[in-house]
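Structure file target-v5.txt with compact mmCIF, C-alpha atoms:
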```
# COMPACT_ATOMS: atom_id res chain seq x y z
CA MET W 1 24.54 -5.40 -6.82
CA ASN W 2 22.16 -5.56 -9.79
CA ILE W 3 18.57 -5.12 -8.55
CA LEU W 4 15.21 -5.73 -10.22
CA LEU W 5 12.16 -3.82 -8.98
CA ILE W 6 8.73 -5.22 -9.85
CA GLY W 7 5.84 -2.80 -10.42
CA SER W 8 4.75 0.35 -12.19
CA GLY W 9 3.04 2.70 -9.74
CA GLY W 10 3.84 5.60 -7.46
CA ARG W 11 4.94 3.20 -4.74
CA GLU W 12 7.51 1.71 -7.08
CA HIS W 13 8.78 5.14 -8.15
CA ALA W 14 9.32 6.02 -4.48
CA LEU W 15 11.13 2.71 -3.97
CA ALA W 16 13.27 3.24 -7.09
CA TRP W 17 14.13 6.76 -5.92
CA LYS W 18 15.29 5.34 -2.58
CA ILE W 19 16.99 2.20 -3.93
CA VAL W 20 19.34 4.11 -6.25
CA GLN W 21 20.57 6.06 -3.22
CA SER W 22 21.87 2.79 -1.74
CA LYS W 23 25.61 2.22 -1.82
CA LEU W 24 24.79 -1.41 -2.58
CA CYS W 25 22.92 -0.61 -5.81
CA LYS W 26 25.10 -0.97 -8.90
CA LYS W 27 22.33 -1.14 -11.52
CA LEU W 28 18.56 -0.93 -11.13
CA TYR W 29 16.07 -2.47 -13.54
CA CYS W 30 12.30 -2.13 -13.25
CA ALA W 31 9.54 -4.25 -14.80
CA PRO W 32 7.46 -2.73 -16.26
CA GLY W 33 7.99 0.70 -14.64
CA ASN W 34 6.70 4.09 -15.75
CA ALA W 35 8.02 7.36 -17.18
CA GLY W 36 9.23 8.59 -13.79
CA ILE W 37 10.94 5.36 -12.81
CA ALA W 38 12.83 5.55 -16.12
CA ARG W 39 14.85 8.40 -14.60
CA HIS W 40 16.34 5.94 -12.08
CA ALA W 41 16.16 2.51 -13.70
CA GLU W 42 16.31 0.68 -16.99
CA LEU W 43 12.75 -0.34 -17.82
CA VAL W 44 12.13 -3.92 -18.84
CA PRO W 45 8.94 -4.96 -20.74
CA LEU W 46 8.33 -8.13 -18.71
CA ASP W 47 4.96 -9.61 -17.83
CA ILE W 48 5.15 -9.63 -14.03
CA ALA W 49 2.72 -12.56 -13.94
CA ASP W 50 5.25 -14.66 -15.91
CA HIS W 51 7.53 -15.79 -13.11
CA ALA W 52 9.61 -18.00 -15.40
CA ALA W 53 10.39 -15.04 -17.67
CA ILE W 54 11.36 -12.93 -14.66
CA ALA W 55 13.65 -15.68 -13.38
CA LYS W 56 15.30 -15.97 -16.80
CA PHE W 57 15.86 -12.21 -16.92
CA CYS W 58 17.42 -12.36 -13.47
CA ARG W 59 19.82 -15.07 -14.57
CA ASP W 60 20.70 -13.25 -17.79
CA LYS W 61 21.37 -9.93 -16.04
CA ARG W 62 22.92 -11.44 -12.92
CA ILE W 63 20.28 -9.90 -10.67
CA GLU W 64 21.25 -10.29 -7.03
CA LEU W 65 18.07 -8.91 -5.45
CA VAL W 66 14.45 -8.62 -6.56
CA VAL W 67 12.16 -6.14 -4.78
CA VAL W 68 8.44 -6.83 -5.31
CA GLY W 69 6.21 -3.75 -5.06
CA PRO W 70 2.55 -4.78 -5.66
CA GLU W 71 0.51 -7.41 -3.88
CA GLY W 72 -0.61 -9.43 -6.92
CA PRO W 73 2.73 -11.12 -7.66
CA LEU W 74 3.29 -11.76 -3.94
CA VAL W 75 -0.05 -13.51 -3.54
CA ALA W 76 0.69 -15.46 -6.74
CA GLY W 77 3.92 -16.82 -5.23
CA ILE W 78 6.64 -14.91 -7.06
CA VAL W 79 8.91 -14.99 -4.01
CA ASP W 80 8.72 -18.80 -3.80
CA ASP W 81 9.39 -19.17 -7.52
CA LEU W 82 12.40 -16.82 -7.59
CA GLU W 83 13.93 -18.14 -4.40
CA ALA W 84 13.62 -21.67 -5.81
CA GLU W 85 15.98 -20.39 -8.52
CA GLY W 86 18.38 -19.06 -5.90
CA ILE W 87 17.38 -15.41 -6.43
CA LEU W 88 17.22 -13.27 -3.28
CA THR W 89 13.75 -11.69 -3.16
CA PHE W 90 12.20 -9.14 -0.79
CA GLY W 91 8.64 -10.01 0.15
CA PRO W 92 6.63 -12.77 1.83
CA SER W 93 6.08 -16.28 0.54
CA LYS W 94 2.82 -17.26 -1.12
CA ASP W 95 1.58 -18.84 2.12
CA ALA W 96 2.50 -15.79 4.19
CA ALA W 97 0.97 -13.42 1.61
CA GLN W 98 -2.44 -14.88 2.46
CA LEU W 99 -2.52 -12.20 5.16
CA GLU W 100 -3.51 -9.86 2.34
CA GLY W 101 -4.69 -12.34 -0.27
CA SER W 102 -7.50 -13.76 1.89
CA LYS W 103 -9.43 -11.70 4.40
CA ALA W 104 -10.96 -14.91 5.73
CA PHE W 105 -7.49 -16.33 6.41
CA THR W 106 -6.52 -13.25 8.40
CA LYS W 107 -9.78 -13.11 10.35
CA ASP W 108 -9.45 -16.78 11.30
CA LEU W 109 -5.84 -16.18 12.37
CA CYS W 110 -6.91 -13.26 14.55
CA ALA W 111 -9.67 -15.33 16.14
CA GLU W 112 -7.35 -18.24 16.89
CA PHE W 113 -4.56 -16.15 18.38
CA GLY W 114 -6.55 -13.43 20.13
CA ILE W 115 -5.52 -10.52 17.91
CA PRO W 116 -7.98 -7.62 18.36
CA THR W 117 -10.14 -7.05 15.28
CA ALA W 118 -13.79 -6.71 14.31
CA ALA W 119 -16.22 -9.57 14.91
CA TYR W 120 -16.94 -11.38 11.64
CA ALA W 121 -18.52 -14.27 9.77
CA ARG W 122 -17.61 -15.97 6.46
CA PHE W 123 -20.01 -17.02 3.70
CA ASN W 124 -19.79 -18.82 0.36
CA ASN W 125 -23.34 -18.07 -0.78
CA ALA W 126 -25.56 -14.98 -0.94
CA PRO W 127 -28.71 -16.15 0.93
CA LYS W 128 -26.84 -17.02 4.13
CA ALA W 129 -24.74 -13.87 3.91
CA LYS W 130 -27.85 -11.70 3.50
CA ALA W 131 -29.61 -13.44 6.37
CA TYR W 132 -26.63 -12.71 8.61
CA ALA W 133 -26.50 -9.06 7.51
CA ARG W 134 -30.23 -8.65 8.24
CA ALA W 135 -29.83 -10.26 11.66
CA GLN W 136 -26.87 -8.04 12.56
CA GLY W 137 -28.30 -4.82 11.17
CA ALA W 138 -26.48 -1.78 9.79
CA PRO W 139 -23.99 -0.21 9.66
CA ILE W 140 -22.01 -3.30 8.69
CA VAL W 141 -18.98 -4.02 6.49
CA VAL W 142 -19.03 -6.39 3.49
CA LYS W 143 -15.70 -7.55 2.03
CA ALA W 144 -14.79 -9.70 -0.93
CA ASP W 145 -12.37 -12.28 0.44
CA GLY W 146 -9.63 -11.94 -2.18
CA LEU W 147 -7.69 -9.18 -3.91
CA ALA W 148 -10.02 -6.67 -5.55
CA ALA W 149 -7.69 -3.73 -6.25
CA GLY W 150 -8.98 -1.85 -3.21
CA LYS W 151 -12.58 -1.95 -4.46
CA GLY W 152 -13.94 -5.04 -2.69
CA VAL W 153 -14.96 -3.38 0.60
CA THR W 154 -18.34 -1.78 1.26
CA VAL W 155 -19.14 0.06 4.48
CA ALA W 156 -22.90 -0.41 4.29
CA MET W 157 -24.98 2.12 6.21
CA THR W 158 -28.21 0.23 5.48
CA VAL W 159 -29.10 -3.45 5.25
CA GLU W 160 -30.21 -2.89 1.65
CA GLU W 161 -26.77 -1.54 0.79
CA ALA W 162 -25.16 -4.56 2.47
CA CYS W 163 -27.33 -6.96 0.47
CA ALA W 164 -26.45 -5.16 -2.76
CA ALA W 165 -22.73 -5.45 -1.90
CA ILE W 166 -23.18 -9.16 -1.23
CA ASP W 167 -24.83 -9.57 -4.64
CA ASP W 168 -21.95 -7.68 -6.27
CA CYS W 169 -19.48 -10.17 -4.81
CA PHE W 170 -21.34 -13.35 -5.70
CA GLU W 171 -22.45 -12.11 -9.13
CA GLY W 172 -18.87 -11.61 -10.25
CA SER W 173 -18.15 -7.89 -9.86
CA PHE W 174 -14.78 -8.75 -8.32
CA GLY W 175 -14.09 -11.99 -10.18
CA ALA W 176 -12.66 -14.83 -8.14
CA ALA W 177 -12.00 -12.43 -5.26
CA GLY W 178 -15.73 -12.42 -4.51
CA ALA W 179 -16.23 -16.18 -4.38
CA GLU W 180 -16.29 -15.89 -0.59
CA VAL W 181 -17.52 -12.95 1.48
CA VAL W 182 -16.45 -11.76 4.93
CA ILE W 183 -18.99 -9.69 6.87
CA GLU W 184 -17.65 -7.66 9.78
CA GLU W 185 -18.98 -5.46 12.52
CA TYR W 186 -18.70 -1.74 11.87
CA MET W 187 -15.96 -0.14 13.98
CA GLU W 188 -16.05 3.50 15.13
CA GLY W 189 -12.83 5.49 15.33
CA GLU W 190 -10.02 7.03 13.34
CA GLU W 191 -8.00 5.01 10.83
CA ALA W 192 -4.22 4.93 10.69
CA SER W 193 -1.51 2.76 9.17
CA LEU W 194 1.51 1.20 10.84
CA PHE W 195 4.33 -0.55 8.99
CA ALA W 196 6.58 -3.25 10.42
CA LEU W 197 9.64 -4.73 8.76
CA CYS W 198 9.71 -8.44 9.56
CA ASP W 199 12.35 -11.17 9.29
CA GLY W 200 10.26 -14.17 10.40
CA GLN W 201 11.17 -13.75 14.07
CA THR W 202 11.54 -10.01 14.69
CA ALA W 203 9.23 -7.10 13.87
CA LEU W 204 10.76 -3.65 13.55
CA LEU W 205 8.58 -0.52 13.48
CA PHE W 206 9.00 0.97 10.00
CA GLY W 207 6.92 4.10 10.04
CA THR W 208 3.33 5.30 10.42
CA ALA W 209 1.02 7.17 8.07
CA GLN W 210 -2.55 8.20 7.41
CA ASP W 211 -4.12 8.28 3.98
CA HIS W 212 -7.26 9.70 2.43
CA LYS W 213 -9.07 6.92 0.61
CA ARG W 214 -12.20 8.71 -0.61
CA VAL W 215 -12.19 10.74 -3.81
CA GLY W 216 -13.94 13.81 -2.42
CA GLU W 217 -12.82 16.51 -0.03
CA GLY W 218 -13.76 15.95 3.58
CA ASP W 219 -13.32 12.22 2.91
CA THR W 220 -16.55 11.92 0.93
CA GLY W 221 -17.52 9.98 -2.18
CA PRO W 222 -16.40 6.55 -3.39
CA ASN W 223 -13.28 4.80 -2.16
CA THR W 224 -10.14 4.96 -4.27
CA GLY W 225 -6.66 3.50 -4.07
CA GLY W 226 -5.77 6.62 -2.05
CA MET W 227 -5.85 10.34 -2.85
CA GLY W 228 -3.01 11.40 -0.57
CA ALA W 229 -1.17 10.61 2.64
CA TYR W 230 1.06 12.02 5.33
CA SER W 231 3.64 10.59 7.71
CA PRO W 232 4.07 10.28 10.62
CA ALA W 233 0.49 9.77 11.80
CA PRO W 234 -0.05 12.20 14.70
CA VAL W 235 -2.84 10.02 16.09
CA LEU W 236 -0.36 7.16 16.66
CA ASP W 237 1.51 8.30 19.75
CA GLU W 238 4.26 6.23 21.39
CA ALA W 239 1.87 4.47 23.78
CA THR W 240 -0.50 3.48 20.97
CA ILE W 241 2.36 2.32 18.76
CA SER W 242 3.67 0.17 21.61
CA GLU W 243 0.22 -1.35 22.08
CA VAL W 244 -0.14 -2.08 18.36
CA MET W 245 3.28 -3.72 18.20
CA SER W 246 2.71 -5.86 21.31
CA GLU W 247 -0.96 -6.76 20.81
CA ILE W 248 -1.26 -6.99 17.01
CA ILE W 249 2.03 -7.12 15.08
CA VAL W 250 4.15 -9.39 17.30
CA PRO W 251 1.32 -11.91 17.92
CA THR W 252 0.69 -12.06 14.17
CA LEU W 253 4.34 -12.79 13.48
CA ALA W 254 4.31 -15.49 16.16
CA ALA W 255 1.08 -16.96 14.77
CA MET W 256 2.55 -17.17 11.27
CA HIS W 257 5.69 -18.83 12.66
CA HIS W 258 3.47 -21.30 14.54
CA ARG W 259 1.73 -22.16 11.26
CA GLY W 260 5.04 -22.70 9.47
CA MET W 261 4.52 -19.56 7.36
CA GLU W 262 7.32 -17.28 8.54
CA PHE W 263 6.69 -13.72 7.39
CA HIS W 264 9.57 -11.84 5.76
CA GLY W 265 8.96 -8.39 4.31
CA ILE W 266 6.68 -5.45 5.10
CA LEU W 267 3.61 -6.06 7.23
CA TYR W 268 1.27 -3.11 6.81
CA ALA W 269 -1.49 -2.92 9.41
CA GLY W 270 -4.59 -0.89 8.65
CA LEU W 271 -5.85 0.09 12.10
CA MET W 272 -9.02 1.48 13.64
CA LEU W 273 -8.34 3.45 16.79
CA THR W 274 -11.50 2.71 18.78
CA ALA W 275 -12.59 3.77 22.25
CA ASP W 276 -11.47 0.31 23.40
CA GLY W 277 -8.02 0.60 21.85
CA PRO W 278 -6.47 -0.14 18.45
CA ARG W 279 -7.99 -2.94 16.40
CA LEU W 280 -6.86 -4.46 13.13
CA ILE W 281 -8.95 -3.63 10.07
CA GLU W 282 -6.81 -5.61 7.61
CA TYR W 283 -3.25 -6.47 6.67
CA ASN W 284 -1.35 -5.70 3.52
CA VAL W 285 1.91 -7.49 2.78
CA ARG W 286 3.74 -4.69 0.96
CA PHE W 287 4.29 -0.97 1.20
CA GLY W 288 1.16 1.11 0.82
CA ASP W 289 0.42 3.39 -2.10
CA PRO W 290 0.48 6.38 -1.50
CA GLU W 291 1.94 5.70 1.96
CA CYS W 292 5.28 4.58 0.51
CA GLN W 293 5.59 8.00 -1.12
CA VAL W 294 5.68 9.66 2.32
CA LEU W 295 7.72 6.98 4.08
CA MET W 296 10.68 6.88 1.70
CA PRO W 297 11.49 10.62 1.86
CA ARG W 298 11.57 10.43 5.68
CA LEU W 299 13.65 7.25 5.93
CA LYS W 300 17.31 7.72 6.71
CA GLY W 301 19.82 5.02 5.91
CA ASP W 302 20.11 2.38 3.23
CA ILE W 303 16.83 0.75 2.21
CA ILE W 304 18.63 -2.22 0.65
CA GLU W 305 20.44 -2.98 3.92
CA PHE W 306 17.06 -3.11 5.69
CA MET W 307 15.56 -5.37 3.02
CA ILE W 308 18.45 -7.83 3.08
CA ALA W 309 18.33 -7.96 6.89
CA ALA W 310 14.63 -8.86 6.67
CA ILE W 311 15.28 -11.58 4.12
CA GLU W 312 18.18 -13.09 6.06
CA GLY W 313 16.60 -12.96 9.52
CA ASP W 314 18.98 -10.30 10.79
CA LEU W 315 16.81 -7.32 11.74
CA LEU W 316 18.39 -7.10 15.19
CA SER W 317 21.50 -5.73 13.45
CA VAL W 318 19.75 -2.65 11.98
CA GLU W 319 17.80 0.30 13.34
CA PRO W 320 15.94 2.74 11.06
CA GLU W 321 16.09 6.46 11.68
CA TRP W 322 13.50 8.92 10.45
CA ALA W 323 13.59 12.57 9.55
CA GLU W 324 11.70 14.63 12.10
CA GLU W 325 9.82 16.46 9.37
CA THR W 326 6.35 15.55 8.19
CA ALA W 327 6.01 14.28 4.63
CA LEU W 328 2.74 14.88 2.76
CA SER W 329 1.80 13.60 -0.69
CA VAL W 330 -1.05 14.75 -2.92
CA VAL W 331 -2.34 12.39 -5.62
CA MET W 332 -3.16 13.94 -8.98
CA ALA W 333 -5.63 11.74 -10.82
CA SER W 334 -7.32 11.65 -14.23
CA LYS W 335 -10.74 13.29 -14.28
CA GLY W 336 -13.39 10.62 -13.87
CA TYR W 337 -11.32 8.46 -11.49
CA PRO W 338 -12.25 6.17 -9.74
CA GLY W 339 -14.79 5.67 -12.52
CA ALA W 340 -14.08 5.79 -16.25
CA TYR W 341 -11.25 8.11 -17.28
CA GLY W 342 -9.30 8.95 -20.40
CA LYS W 343 -5.65 8.29 -21.19
CA GLY W 344 -3.06 10.08 -23.27
CA SER W 345 -3.46 13.67 -22.06
CA ALA W 346 -0.19 15.63 -21.89
CA ILE W 347 1.26 16.74 -18.56
CA ALA W 348 3.57 19.75 -18.31
CA GLY W 349 5.24 21.54 -15.42
CA ILE W 350 6.73 18.57 -13.57
CA GLU W 351 10.16 20.22 -13.58
CA ALA W 352 8.59 23.45 -12.32
CA ALA W 353 6.94 21.50 -9.50
CA GLU W 354 10.25 19.96 -8.52
CA ALA W 355 11.86 23.42 -8.62
CA THR W 356 9.58 24.34 -5.68
CA GLY W 357 11.30 21.62 -3.62
CA ALA W 358 8.60 18.99 -4.07
CA ILE W 359 9.33 15.43 -5.18
CA VAL W 360 7.07 14.27 -8.01
CA PHE W 361 6.58 10.51 -7.98
CA HIS W 362 5.00 9.14 -11.15
CA ALA W 363 2.22 6.56 -10.94
CA GLY W 364 0.18 6.18 -14.13
CA THR W 365 2.45 7.89 -16.67
CA ALA W 366 4.10 7.06 -19.98
CA GLU W 367 6.45 8.91 -22.30
CA GLU W 368 5.31 9.56 -25.87
CA ASP W 369 7.33 11.61 -28.35
CA GLY W 370 9.27 13.25 -25.54
CA ARG W 371 6.11 14.20 -23.61
CA ILE W 372 4.83 12.83 -20.31
CA VAL W 373 1.24 11.62 -20.73
CA ALA W 374 -1.38 10.22 -18.38
CA ASN W 375 -1.65 6.44 -18.52
CA GLY W 376 -3.80 5.56 -15.53
CA GLY W 377 -6.27 6.68 -12.89
CA ARG W 378 -3.85 7.90 -10.25
CA VAL W 379 -1.12 9.61 -12.25
CA LEU W 380 1.24 11.69 -10.08
CA ASN W 381 2.13 11.96 -6.38
CA VAL W 382 3.41 15.41 -5.41
CA THR W 383 5.30 15.02 -2.14
CA ALA W 384 6.93 17.55 0.16
CA LEU W 385 8.59 17.70 3.57
CA GLY W 386 7.93 20.33 6.20
CA ALA W 387 8.47 21.09 9.87
CA SER W 388 4.73 20.54 10.41
CA VAL W 389 1.77 19.04 8.60
CA GLU W 390 0.71 22.55 7.66
CA GLU W 391 4.10 23.41 6.16
CA ALA W 392 4.38 20.09 4.30
CA GLN W 393 0.85 20.60 2.96
CA ALA W 394 1.62 24.12 1.72
CA ARG W 395 4.79 22.95 -0.01
CA ALA W 396 3.08 19.97 -1.64
CA TYR W 397 0.27 22.13 -3.03
CA ALA W 398 2.80 24.66 -4.29
CA GLY W 399 4.21 21.78 -6.34
CA VAL W 400 0.73 20.75 -7.49
CA ASP W 401 -0.04 24.30 -8.62
CA ALA W 402 3.09 24.34 -10.81
CA ILE W 403 1.82 21.38 -12.85
CA ASP W 404 -0.15 22.12 -16.03
CA TRP W 405 -2.58 19.28 -16.61
CA PRO W 406 -6.17 20.38 -17.35
CA GLU W 407 -7.39 16.78 -17.58
CA GLY W 408 -6.28 16.04 -14.02
CA PHE W 409 -7.65 16.81 -10.56
CA CYS W 410 -6.70 16.44 -6.92
CA ARG W 411 -8.20 16.91 -3.50
CA ARG W 412 -7.24 20.24 -1.90
CA ASP W 413 -7.50 19.09 1.71
CA ILE W 414 -4.93 16.29 2.15
CA GLY W 415 -3.84 16.35 5.79
CA TRP W 416 -7.04 17.97 7.10
CA ARG W 417 -7.57 15.38 9.83
CA ALA W 418 -4.12 16.02 11.28
CA LEU W 419 -4.67 19.78 11.13
CA ALA W 420 -8.10 19.48 12.75
CA GLY W 421 -6.60 17.47 15.61
CA ARG W 422 -3.92 20.02 16.51
```
Could you rewrite the structure in this file as structure tokens?
Amino acid sequence: MNILLIGSGGREHALAWKIVQSKLCKKLYCAPGNAGIARHAELVPLDIADHAAIAKFCRDKRIELVVVGPEGPLVAGIVDDLEAEGILTFGPSKDAAQLEGSKAFTKDLCAEFGIPTAAYARFNNAPKAKAYARAQGAPIVVKADGLAAGKGVTVAMTVEEACAAIDDCFEGSFGAAGAEVVIEEYMEGEEASLFALCDGQTALLFGTAQDHKRVGEGDTGPNTGGMGAYSPAPVLDEATISEVMSEIIVPTLAAMHHRGMEFHGILYAGLMLTADGPRLIEYNVRFGDPECQVLMPRLKGDIIEFMIAAIEGDLLSVEPEWAEETALSVVMASKGYPGAYGKGSAIAGIEAAEATGAIVFHAGTAEEDGRIVANGGRVLNVTALGASVEEAQARAYAGVDAIDWPEGFCRRDIGWRALAGR
């Protein structure tokens, strides 16, 4: 079949890499893609916010499946618009995508259906939000309700910091995403991610991972989109996974069905493993980035078969298998990220990195005059498999060290939590 992949990051490169291995894939297109994805797909200069243009392209090229990578188009309703044109699309509907698009929606759903999560309150103005934060005390968590590119969450260690975060939201730092604020209790524990493939009725475990969100080593400094990840997550043992599936994932799927918003696609649960058991931090409605870059190399079988089963309500007919090895991915970012950074610097040594056995997934790259250049904040994901976290880490950094890019940087401790917990 002809397939169109939507997106341009490292997640989409990992998906493209896996999709072209499918026996069902005849031709892969990607809009807009990046320099790495161009090795697997024909890049298409479409505006992914223009759903009508995407639908026309699908008709012209006889696209039989669209795979949506990032959250923005999902929350904007691209699945509804393409399916209205008869185009099979992997991802949740606009209504179902509210699980990521609105933190208030998800918190209310959890409260109504008894899904374990942090206590919370919602506010549409700063004075009431600040009064609540002062009454609750710190530490406390302030979240912009809508999509804010991973930057709308503040873990405030003081009331003053919480009030400043509230002002940021209501004064427009996150645009429309900050028009409403959710304030949550601070949860103690270790974070982990669990992925479930869903077909509206059935939820199928689809891997676990842990990522490193902060820019600095030892998980210090400002939050980013993610500086690295590894899979599986050692902290999620079989008993904990079973509890998450039965107490969080399955009730969420049932709640969405009850509301007439059947969820089809990937449900990605960000979890806090507290002394009282796992609790939901938040949902995403797509593969994580950089988590996808460690899930795809471990996944055995045909990714397109799994996606079609999720779309058609037929997950009971498939069962994913996973490589026993650990996968670990190191993000190489432009100096200055997550603040201001430059673009256009040349990157060499990618082939040398891959010669070590690593897989180099491109994120923010472009090709200019035959050279690969940086075109974003997070630029490359150097991924490797190993018999242990330690071995995967060593192999990934061997790949990193083969890359010649003076204007880039990475953390040197990805995987440290797993190694510390051995």
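Each of W:Leu295, W:Leu204, W:Val382, W:Ala233 was compared to Glu319 of chain W using all atoms listed in the file, and W:Leu204 turns out to be the nearest.
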For this session: Can you pull out every residue within 10 Å of Gly344 of chain W, counting only C-alpha atoms, but drop anything in the same chain fewer than 5 positions away, and send it as a PyMOL selection string?
Result: chain W and resi 365-368+372-376+407
How would the residues just chosen look if you wrote them out with C-alpha atoms as a PDB file, keeping the file's coordinate frame?
```
ATOM      1  CA  THR W 365       2.450   7.890 -16.670  1.00  0.00           C
ATOM      2  CA  ALA W 366       4.100   7.060 -19.980  1.00  0.00           C
ATOM      3  CA  GLU W 367       6.450   8.910 -22.300  1.00  0.00           C
ATOM      4  CA  GLU W 368       5.310   9.560 -25.870  1.00  0.00           C
ATOM      5  CA  ILE W 372       4.830  12.830 -20.310  1.00  0.00           C
ATOM      6  CA  VAL W 373       1.240  11.620 -20.730  1.00  0.00           C
ATOM      7  CA  ALA W 374      -1.380  10.220 -18.380  1.00  0.00           C
ATOM      8  CA  ASN W 375      -1.650   6.440 -18.520  1.00  0.00           C
ATOM      9  CA  GLY W 376      -3.800   5.560 -15.530  1.00  0.00           C
ATOM     10  CA  GLU W 407      -7.390  16.780 -17.580  1.00  0.00           C
TER      11      GLU W 407
END
```
For this session: Name the residues in contact with segment 143-149 of chain W at a cut-off of 7 Å, using only C-alpha atoms, excluding same-chain residues fewer than 4 positions from it; report them as a PyMOL selection string.
Result: chain W and resi 101-104+153-154+169+174+177-178+180-183
For this session: Excluding Glu85 of chain W and residues on its chain fewer than 3 positions from it, collect all residues at most 10 Å away from it, counting all atoms listed in the file, and give them as a list in words.
Result: Ala52, Ala55, Lys56, Cys58, Arg59, Val79, Asp80, Asp81, Leu82 and Leu88 of chain W
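One finds atom CA of Ala309 of chain W at 22.3 Å from atom CA of Arg259 of chain W.
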If I only have part of segment 217-231 of chain W, can you fill in N, CA and C atoms and write it as a compact mmCIF listing (two decimals), keeping the file's coordinate frame?
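Saved result, rebuild.txt, follows:
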```txt
# COMPACT_ATOMS: atom_id res chain seq x y z
N GLU W 217 -13.33 15.77 -1.17
CA GLU W 217 -12.82 16.51 -0.03
C GLU W 217 -13.70 16.27 1.19
N GLY W 218 -13.05 16.31 2.37
CA GLY W 218 -13.76 15.95 3.58
C GLY W 218 -13.95 14.46 3.71
N ASP W 219 -13.21 13.68 2.92
CA ASP W 219 -13.32 12.22 2.91
C ASP W 219 -14.74 11.79 2.58
N THR W 220 -15.22 12.26 1.42
CA THR W 220 -16.55 11.92 0.93
C THR W 220 -16.43 11.24 -0.44
N GLY W 221 -17.51 10.61 -0.87
CA GLY W 221 -17.52 9.98 -2.18
C GLY W 221 -16.98 8.57 -2.15
N PRO W 222 -16.84 7.95 -3.32
CA PRO W 222 -16.40 6.55 -3.39
C PRO W 222 -14.95 6.37 -2.96
N ASN W 223 -14.65 5.16 -2.51
CA ASN W 223 -13.28 4.80 -2.16
C ASN W 223 -12.40 4.75 -3.41
N THR W 224 -11.13 5.05 -3.21
CA THR W 224 -10.14 4.96 -4.27
C THR W 224 -8.95 4.17 -3.74
N GLY W 225 -7.90 4.09 -4.55
CA GLY W 225 -6.66 3.50 -4.07
C GLY W 225 -5.93 4.41 -3.10
N GLY W 226 -6.40 5.65 -2.96
CA GLY W 226 -5.77 6.62 -2.05
C GLY W 226 -5.51 7.92 -2.78
N MET W 227 -5.99 9.02 -2.22
CA MET W 227 -5.85 10.34 -2.85
C MET W 227 -4.76 11.19 -2.22
N GLY W 228 -4.09 10.66 -1.22
CA GLY W 228 -3.01 11.40 -0.57
C GLY W 228 -2.71 10.79 0.78
N ALA W 229 -1.58 11.17 1.35
CA ALA W 229 -1.17 10.61 2.64
C ALA W 229 -0.17 11.54 3.31
N TYR W 230 0.03 11.30 4.60
CA TYR W 230 1.06 12.02 5.33
C TYR W 230 1.66 11.09 6.38
N SER W 231 2.90 11.38 6.74
CA SER W 231 3.64 10.59 7.71
C SER W 231 4.56 11.53 8.49
```
